[in-house]
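Visitor: One file: protein27.csv (CSV, C-alpha atoms).
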chain,number,residue,atom,x,y,z
A,1,MET,CA,103.0,85.5,105.0
A,2,ALA,CA,103.8,88.8,103.2
A,3,LEU,CA,100.3,90.2,104.0
A,4,GLU,CA,100.6,89.3,107.7
A,5,PHE,CA,104.1,90.8,108.0
A,6,LYS,CA,102.9,94.0,106.2
A,7,THR,CA,99.9,94.3,108.4
A,8,ARG,CA,102.0,93.9,111.6
A,9,THR,CA,104.5,96.4,110.4
A,10,GLN,CA,101.7,98.9,109.6
A,11,VAL,CA,100.3,98.5,113.1
A,12,VAL,CA,103.7,99.2,114.5
A,13,VAL,CA,104.1,102.3,112.3
A,14,GLU,CA,100.7,103.6,113.4
A,15,ALA,CA,101.5,103.0,117.1
A,16,ILE,CA,104.9,104.7,117.0
A,17,ARG,CA,103.6,107.5,114.9
A,18,ALA,CA,100.8,108.2,117.3
A,19,GLN,CA,103.2,108.3,120.2
A,20,ILE,CA,105.4,110.8,118.4
A,21,LEU,CA,102.6,113.1,117.2
A,22,SER,CA,100.9,113.1,120.6
A,23,GLY,CA,104.2,114.0,122.4
A,24,GLN,CA,104.3,110.7,124.3
A,25,ILE,CA,107.6,110.2,122.6
A,26,LYS,CA,109.4,113.5,122.9
A,27,ALA,CA,111.4,115.2,120.1
A,28,GLY,CA,115.0,114.1,120.3
A,29,GLU,CA,114.1,111.0,122.3
A,30,PRO,CA,116.0,107.8,121.3
A,31,LEU,CA,113.9,105.1,119.9
A,32,ARG,CA,115.3,101.9,121.3
A,33,GLN,CA,114.3,99.0,119.0
A,34,ALA,CA,114.4,96.4,121.8
A,35,ALA,CA,112.2,98.5,124.1
A,36,LEU,CA,109.7,99.2,121.4
A,37,ALA,CA,109.6,95.5,120.4
A,38,GLU,CA,108.8,94.6,124.0
A,39,GLN,CA,106.3,97.3,124.4
A,40,LEU,CA,104.4,96.4,121.2
A,41,ASN,CA,104.9,92.7,121.6
A,42,VAL,CA,106.6,92.1,118.2
A,43,SER,CA,110.0,91.2,117.0
A,44,ARG,CA,112.6,93.8,116.0
A,45,ILE,CA,112.0,93.2,112.3
A,46,PRO,CA,108.7,95.2,112.1
A,47,ILE,CA,110.1,97.8,114.4
A,48,ARG,CA,113.1,98.3,112.1
A,49,GLU,CA,110.7,98.5,109.0
A,50,ALA,CA,108.4,100.9,110.8
A,51,LEU,CA,111.3,103.2,111.8
A,52,LEU,CA,112.4,103.3,108.2
A,53,GLN,CA,108.9,104.3,107.1
A,54,LEU,CA,108.7,106.9,109.8
A,55,GLU,CA,112.1,108.3,108.7
A,56,ALA,CA,110.6,108.8,105.2
A,57,GLU,CA,107.7,110.7,106.7
A,58,GLY,CA,110.1,113.0,108.6
A,59,LEU,CA,109.2,111.8,112.1
A,60,VAL,CA,112.3,109.7,112.8
A,61,LYS,CA,116.0,110.5,112.1
A,62,PHE,CA,118.8,108.0,112.1
A,63,GLU,CA,122.1,109.4,113.5
A,64,PRO,CA,125.6,107.8,113.6
A,65,HIS,CA,126.4,106.3,117.0
A,66,LYS,CA,123.0,107.2,118.3
A,67,GLY,CA,120.5,105.2,116.3
A,68,ALA,CA,116.9,106.4,115.7
A,69,THR,CA,115.5,109.4,117.4
A,70,ALA,CA,112.2,111.3,117.1
A,71,THR,CA,112.9,114.4,115.0
A,72,GLN,CA,112.7,117.9,116.5
A,73,ILE,CA,109.6,120.0,115.8
A,74,SER,CA,110.3,123.6,114.7
A,75,PRO,CA,107.7,126.3,114.9
A,76,GLU,CA,109.8,128.4,112.5
A,77,LEU,CA,109.7,125.5,109.9
A,78,ILE,CA,106.0,125.2,110.3
A,79,ASP,CA,105.6,129.0,109.5
A,80,GLU,CA,107.9,128.7,106.5
A,81,LEU,CA,106.3,125.5,105.1
A,82,PHE,CA,102.7,126.6,105.4
A,83,GLU,CA,103.3,130.2,104.3
A,84,LEU,CA,105.1,128.9,101.2
A,85,ARG,CA,102.2,126.5,100.6
A,86,ALA,CA,99.7,129.4,100.8
A,87,LEU,CA,101.7,131.4,98.3
A,88,LEU,CA,102.3,128.7,95.7
A,89,GLU,CA,99.0,126.9,96.0
A,90,CYS,CA,96.9,130.0,95.8
A,91,ASP,CA,98.8,131.0,92.6
A,92,LEU,CA,98.2,127.5,91.2
A,93,LEU,CA,94.6,127.6,92.1
A,94,ALA,CA,94.0,131.0,90.5
A,95,ARG,CA,95.6,129.8,87.3
A,96,SER,CA,93.6,126.5,87.4
A,97,ILE,CA,90.1,127.6,88.1
A,98,PRO,CA,89.4,128.9,84.5
A,99,LEU,CA,90.7,125.5,83.2
A,100,LEU,CA,88.6,123.3,85.5
A,101,THR,CA,86.2,121.0,83.6
A,102,GLU,CA,83.3,119.0,84.9
A,103,ALA,CA,85.6,115.9,84.8
A,104,HIS,CA,88.1,117.7,87.0
A,105,LEU,CA,85.4,118.7,89.5
A,106,ALA,CA,83.9,115.2,89.5
A,107,GLN,CA,87.3,113.8,90.4
A,108,ALA,CA,87.7,116.3,93.2
A,109,ARG,CA,84.3,115.4,94.5
A,110,GLN,CA,85.0,111.7,94.4
A,111,THR,CA,88.4,112.3,96.2
A,112,LEU,CA,86.6,114.4,98.8
A,113,LEU,CA,84.1,111.6,99.5
A,114,ARG,CA,87.0,109.2,100.0
A,115,LEU,CA,88.7,111.7,102.3
A,116,ASP,CA,85.5,112.2,104.3
A,117,ASP,CA,85.1,108.5,104.7
A,118,ALA,CA,88.7,108.1,105.9
A,119,LEU,CA,88.4,110.9,108.4
A,120,GLN,CA,85.5,109.0,110.1
A,121,SER,CA,87.7,106.0,110.5
A,122,PRO,CA,90.7,106.0,112.9
A,123,ASP,CA,91.9,102.8,111.1
A,124,ALA,CA,92.5,104.9,108.0
A,125,ALA,CA,94.5,107.6,109.8
A,126,ASP,CA,97.6,106.8,107.8
A,127,ARG,CA,95.8,107.8,104.6
A,128,TRP,CA,94.4,111.2,105.8
A,129,ALA,CA,97.3,113.4,104.8
A,130,GLU,CA,97.7,111.5,101.5
A,131,LEU,CA,94.0,112.0,100.6
A,132,ASN,CA,94.0,115.6,101.8
A,133,THR,CA,96.9,116.3,99.4
A,134,GLU,CA,95.2,114.4,96.6
A,135,PHE,CA,92.0,116.5,96.9
A,136,HIS,CA,94.0,119.7,96.7
A,137,ASN,CA,95.9,118.5,93.7
A,138,CYS,CA,92.7,117.7,91.9
A,139,LEU,CA,92.1,121.4,91.7
A,140,TYR,CA,95.6,122.4,90.5
A,141,VAL,CA,95.4,121.7,86.7
A,142,ALA,CA,97.4,124.6,85.4
A,143,ASN,CA,100.4,123.7,83.3
A,144,ARG,CA,103.1,124.9,85.8
A,145,PRO,CA,105.4,121.9,86.3
A,146,GLN,CA,107.9,123.8,88.5
A,147,SER,CA,105.2,125.0,90.8
A,148,HIS,CA,103.7,121.5,91.0
A,149,ASP,CA,107.1,120.1,91.9
A,150,MET,CA,107.6,122.7,94.6
A,151,VAL,CA,104.2,122.2,96.1
A,152,SER,CA,104.8,118.4,96.1
A,153,ASN,CA,108.0,118.8,98.0
A,154,LEU,CA,106.4,121.3,100.5
A,155,ASN,CA,103.6,118.8,101.1
A,156,LYS,CA,106.1,116.0,101.7
A,157,ASN,CA,107.9,118.1,104.3
A,158,ALA,CA,104.7,119.3,105.8
A,159,ASP,CA,103.2,115.8,106.0
A,160,ARG,CA,103.9,115.2,109.7
A,161,TYR,CA,102.3,118.6,110.5
A,162,ILE,CA,99.2,117.9,108.3
A,163,ARG,CA,98.8,114.5,110.1
A,164,MET,CA,99.2,116.3,113.5
A,165,HIS,CA,96.6,118.8,112.5
A,166,LEU,CA,94.1,116.2,111.4
A,167,GLN,CA,94.7,113.8,114.2
A,168,LEU,CA,95.3,116.0,117.2
A,169,ALA,CA,94.8,119.7,116.6
A,170,GLY,CA,91.1,119.7,115.7
A,171,GLY,CA,91.6,119.7,111.9
A,172,ILE,CA,89.0,116.9,111.3
A,173,GLU,CA,86.2,119.1,112.7
A,174,LYS,CA,86.8,121.7,110.0
A,175,ALA,CA,88.3,119.8,107.1
A,176,SER,CA,85.0,118.6,105.4
A,177,SER,CA,83.2,121.9,105.5
A,178,GLU,CA,86.2,124.0,104.4
A,179,HIS,CA,87.0,121.6,101.6
A,180,ARG,CA,83.4,121.6,100.4
A,181,LYS,CA,83.3,125.4,100.5
A,182,LEU,CA,86.5,125.6,98.5
A,183,LEU,CA,85.2,123.1,95.9
A,184,ASP,CA,81.9,125.0,95.5
A,185,LEU,CA,83.8,128.3,95.0
A,186,CYS,CA,86.0,126.6,92.3
A,187,ALA,CA,83.0,125.1,90.6
A,188,ALA,CA,81.3,128.6,90.5
A,189,GLY,CA,84.5,130.1,89.0
A,190,LYS,CA,84.9,132.6,91.9
A,191,VAL,CA,88.7,132.9,91.7
A,192,GLU,CA,89.3,135.5,94.3
A,193,ALA,CA,87.0,134.0,96.9
A,194,ALA,CA,88.4,130.5,96.3
A,195,CYS,CA,92.0,131.7,96.7
A,196,ASN,CA,91.0,133.6,99.9
A,197,GLU,CA,89.3,130.4,101.2
A,198,LEU,CA,92.4,128.3,100.4
A,199,ARG,CA,94.8,130.8,102.0
A,200,ASP,CA,92.7,130.9,105.2
A,201,HIS,CA,92.5,127.1,105.1
A,202,ILE,CA,96.2,126.6,105.0
A,203,LEU,CA,97.2,129.4,107.4
A,204,HIS,CA,94.6,128.5,110.0
A,205,ALA,CA,95.9,125.0,110.0
A,206,LYS,CA,99.4,126.4,110.6
A,207,ASP,CA,98.1,128.5,113.6
A,208,GLU,CA,96.2,125.5,115.1
A,209,ILE,CA,99.2,123.3,114.9
A,210,LYS,CA,101.4,125.9,116.6
A,211,SER,CA,98.8,126.4,119.3
A,212,PHE,CA,98.6,122.7,119.9
A,213,LEU,CA,102.4,122.4,120.2
A,214,GLN,CA,102.4,125.3,122.7
A,215,ARG,CA,99.8,123.6,124.8
A,216,GLN,CA,101.9,120.4,124.7
A,217,ASP,CA,105.0,122.3,126.0
A,218,SER,CA,103.1,124.1,128.8
Once you've parsed the file, please lay out its structure as structure tokens.
Guide:
Amino acid sequence: MALEFKTRTQVVVEAIRAQILSGQIKAGEPLRQAALAEQLNVSRIPIREALLQLEAEGLVKFEPHKGATATQISPELIDELFELRALLECDLLARSIPLLTEAHLAQARQTLLRLDDALQSPDAADRWAELNTEFHNCLYVANRPQSHDMVSNLNKNADRYIRMHLQLAGGIEKASSEHRKLLDLCAAGKVEAACNELRDHILHAKDEIKSFLQRQDS
């Protein structure tokens, strides 16, 4: 029973997430549990559980006297999150490359294979952003605990936009080749080139997400 309930809830999470990320559910739009339960042909229990999970992802907000709504998307926040990511992650990478061992690189390669497999399967879409972050973290081995904490928090806040980039804004088409190029540069010890590749990877994602949102609004 627990496995069946979890599976049903996850299906509901993915369905509502897709509607929010695609713009079918607009930012600020109320999420009526009864209407969603009827639309998805489930009871209100998995709807409630799904909305709580989507709240943790930053896609849903619960407000007093209003209930659940789809959160607003802010271009200014996208700029700030991804530009801060570029600054901090490039610094971490530069400090980490001289410390990378073959074991670190092997772990990164294995994670990249898992990410590539997931990117080929729409059923694994809920794991794309998680595996993307895991791959990047495999390369950040420098002993900088405050930087790691800040990068982790930035990635949690950027999760909805990373999902949007991979699912809707063309990120899948570039992800594998860019990740492999980054990994090859790290393995070769080319610090400046790897940091430039990482910076471009993060900032191009930012620009593609904003372009996608502009097309949605037009």
Visitor: Counting all atoms listed in the file, which residues of segment 81-164 of chain A sit at most 8 Å from some atom of segment 39-59 of chain A, and what is each one's closest atom pair with its distance in Å to one decimal, listed by chain and rising residue number, as CSV?
Guide:
residue,atom,partner,partner_atom,distance
A:Lys156,CA,A:Glu57,CA,7.5
A:Asn157,CA,A:Gly58,CA,7.0
A:Asp159,CA,A:Glu57,CA,6.8
A:Arg160,CA,A:Glu57,CA,6.6
Visitor: Find the residues near Leu100 of chain A: any atom within 9 Å, counting all atoms listed in the file, skip ones fewer than 3 places away on the same chain, and give them as a VMD selection string.
Guide: chain A and resid 96 to 97 103 to 105 139 to 142 186 to 187 189
Visitor: Would you mind telling me which residue in A:Leu36, A:Leu81, A:Ala15, A:Leu115 lies nearest to Leu203 of chain A when using only C-alpha atoms?
Guide: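 Distance minimum relative to Leu203 of chain A lands on A:Leu81.
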Visitor: To one decimal in Å, tell me the separation between atom CA of Gln146 of chain A and atom CA of Glu89 of chain A.
Guide: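 One can read the atom CA of Gln146 of chain A to atom CA of Glu89 of chain A distance as 12.0 Å.
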Visitor: Which residue out of A:His165, A:Lys190, A:Lys206, A:His201 has the minimum interatomic distance to His136 of chain A when all atoms listed in the file are used?
Guide: A:His201
Visitor: Between A:Thr101, A:Asn155, A:Gln24, A:Gln120, which has the minimum distance to Asn137 of chain A (counting only C-alpha atoms)?
Guide: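 Of all the options, A:Asn155 lies closest to Asn137 of chain A.
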Visitor: Quick check, in Å to one decimal: how far apart do atom CA of Gln72 of chain A and atom CA of Lys26 of chain A lie?
Guide: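 Atom-to-atom, atom CA of Gln72 of chain A and atom CA of Lys26 of chain A are spaced 8.4 Å apart.
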Visitor: Between atom CA of Cys138 of chain A and atom CA of Leu77 of chain A, measure the distance and give it in Å to one decimal.
Guide: 26.0 Å
Visitor: Restricting the calculation to all atoms listed in the file: of A:Arg199, A:Met164, A:Ala188, A:Leu182, which residue gets closest to Ile78 of chain A?
Guide: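 Comparing A:Arg199, A:Met164, A:Ala188, A:Leu182 against Ile78 of chain A, the winner is A:Met164.
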Visitor: Name the closest residue to Glu102 of chain A among the candidates A:Ala34, A:Leu88, A:Ile209, A:Leu183; distances are taken between atoms, counting all atoms listed in the file.
Guide: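 Looking only at the distances to Glu102 of chain A, the closest residue turns out to be A:Leu183.
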Visitor: Which is closer to Asp200 of chain A than all the others in A:Ala106, A:Glu173, A:Asp149, A:Cys90, using all atoms listed in the file?
Guide: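 Using all atoms listed in the file, the shortest distance to Asp200 of chain A belongs to A:Cys90.
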Visitor: Find the spatial neighbours of Asn143 of chain A, counting all atoms listed in the file, within a cut-off of 10 Å - ignore same-chain residues fewer than 5 positions away - and output them as a list in words.
Guide: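 After dropping sequence-adjacent residues, the list is Leu92, Arg95, Ser96, Leu99 and His148 of chain A.
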Visitor: For segment 138-155 of chain A in the structure I just supplied, write out N, CA and C atoms - as a PDB file, in the first residue's frame.
Guide:
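Below you can see part_24.pdb, which holds the result:
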ATOM      1  N   CYS A 138      30.649  16.605  -7.702  1.00  0.00           N
ATOM      2  CA  CYS A 138      31.760  15.643  -7.770  1.00  0.00           C
ATOM      3  C   CYS A 138      33.083  16.339  -8.061  1.00  0.00           C
ATOM      4  N   LEU A 139      33.016  17.502  -8.721  1.00  0.00           N
ATOM      5  CA  LEU A 139      34.233  18.216  -9.116  1.00  0.00           C
ATOM      6  C   LEU A 139      34.674  19.241  -8.077  1.00  0.00           C
ATOM      7  N   TYR A 140      33.832  19.499  -7.075  1.00  0.00           N
ATOM      8  CA  TYR A 140      34.142  20.518  -6.069  1.00  0.00           C
ATOM      9  C   TYR A 140      34.641  19.832  -4.796  1.00  0.00           C
ATOM     10  N   VAL A 141      35.938  19.562  -4.743  1.00  0.00           N
ATOM     11  CA  VAL A 141      36.495  18.795  -3.628  1.00  0.00           C
ATOM     12  C   VAL A 141      37.337  19.653  -2.689  1.00  0.00           C
ATOM     13  N   ALA A 142      37.470  20.936  -2.995  1.00  0.00           N
ATOM     14  CA  ALA A 142      38.255  21.817  -2.122  1.00  0.00           C
ATOM     15  C   ALA A 142      37.589  21.934  -0.757  1.00  0.00           C
ATOM     16  N   ASN A 143      38.412  22.062   0.279  1.00  0.00           N
ATOM     17  CA  ASN A 143      37.910  22.170   1.646  1.00  0.00           C
ATOM     18  C   ASN A 143      37.463  23.602   1.923  1.00  0.00           C
ATOM     19  N   ARG A 144      36.264  23.941   1.443  1.00  0.00           N
ATOM     20  CA  ARG A 144      35.691  25.286   1.592  1.00  0.00           C
ATOM     21  C   ARG A 144      34.243  25.120   2.068  1.00  0.00           C
ATOM     22  N   PRO A 145      34.048  24.764   3.330  1.00  0.00           N
ATOM     23  CA  PRO A 145      32.699  24.414   3.808  1.00  0.00           C
ATOM     24  C   PRO A 145      31.676  25.534   3.643  1.00  0.00           C
ATOM     25  N   GLN A 146      32.078  26.780   3.860  1.00  0.00           N
ATOM     26  CA  GLN A 146      31.118  27.875   3.701  1.00  0.00           C
ATOM     27  C   GLN A 146      30.706  28.017   2.236  1.00  0.00           C
ATOM     28  N   SER A 147      31.671  27.889   1.348  1.00  0.00           N
ATOM     29  CA  SER A 147      31.356  27.969  -0.084  1.00  0.00           C
ATOM     30  C   SER A 147      30.433  26.831  -0.494  1.00  0.00           C
ATOM     31  N   HIS A 148      30.717  25.628   0.004  1.00  0.00           N
ATOM     32  CA  HIS A 148      29.863  24.485  -0.312  1.00  0.00           C
ATOM     33  C   HIS A 148      28.431  24.724   0.177  1.00  0.00           C
ATOM     34  N   ASP A 149      28.285  25.254   1.378  1.00  0.00           N
ATOM     35  CA  ASP A 149      26.948  25.524   1.917  1.00  0.00           C
ATOM     36  C   ASP A 149      26.213  26.558   1.070  1.00  0.00           C
ATOM     37  N   MET A 150      26.928  27.605   0.671  1.00  0.00           N
ATOM     38  CA  MET A 150      26.289  28.643  -0.140  1.00  0.00           C
ATOM     39  C   MET A 150      25.893  28.118  -1.516  1.00  0.00           C
ATOM     40  N   VAL A 151      26.753  27.302  -2.122  1.00  0.00           N
ATOM     41  CA  VAL A 151      26.432  26.710  -3.422  1.00  0.00           C
ATOM     42  C   VAL A 151      25.224  25.789  -3.293  1.00  0.00           C
ATOM     43  N   SER A 152      25.172  25.016  -2.214  1.00  0.00           N
ATOM     44  CA  SER A 152      24.037  24.127  -1.983  1.00  0.00           C
ATOM     45  C   SER A 152      22.739  24.915  -1.872  1.00  0.00           C
ATOM     46  N   ASN A 153      22.754  25.999  -1.119  1.00  0.00           N
ATOM     47  CA  ASN A 153      21.551  26.816  -0.964  1.00  0.00           C
ATOM     48  C   ASN A 153      21.148  27.464  -2.280  1.00  0.00           C
ATOM     49  N   LEU A 154      22.124  27.935  -3.049  1.00  0.00           N
ATOM     50  CA  LEU A 154      21.822  28.526  -4.351  1.00  0.00           C
ATOM     51  C   LEU A 154      21.188  27.501  -5.276  1.00  0.00           C
ATOM     52  N   ASN A 155      21.716  26.278  -5.257  1.00  0.00           N
ATOM     53  CA  ASN A 155      21.164  25.245  -6.124  1.00  0.00           C
ATOM     54  C   ASN A 155      19.746  24.848  -5.712  1.00  0.00           C
TER      55      ASN A 155
END
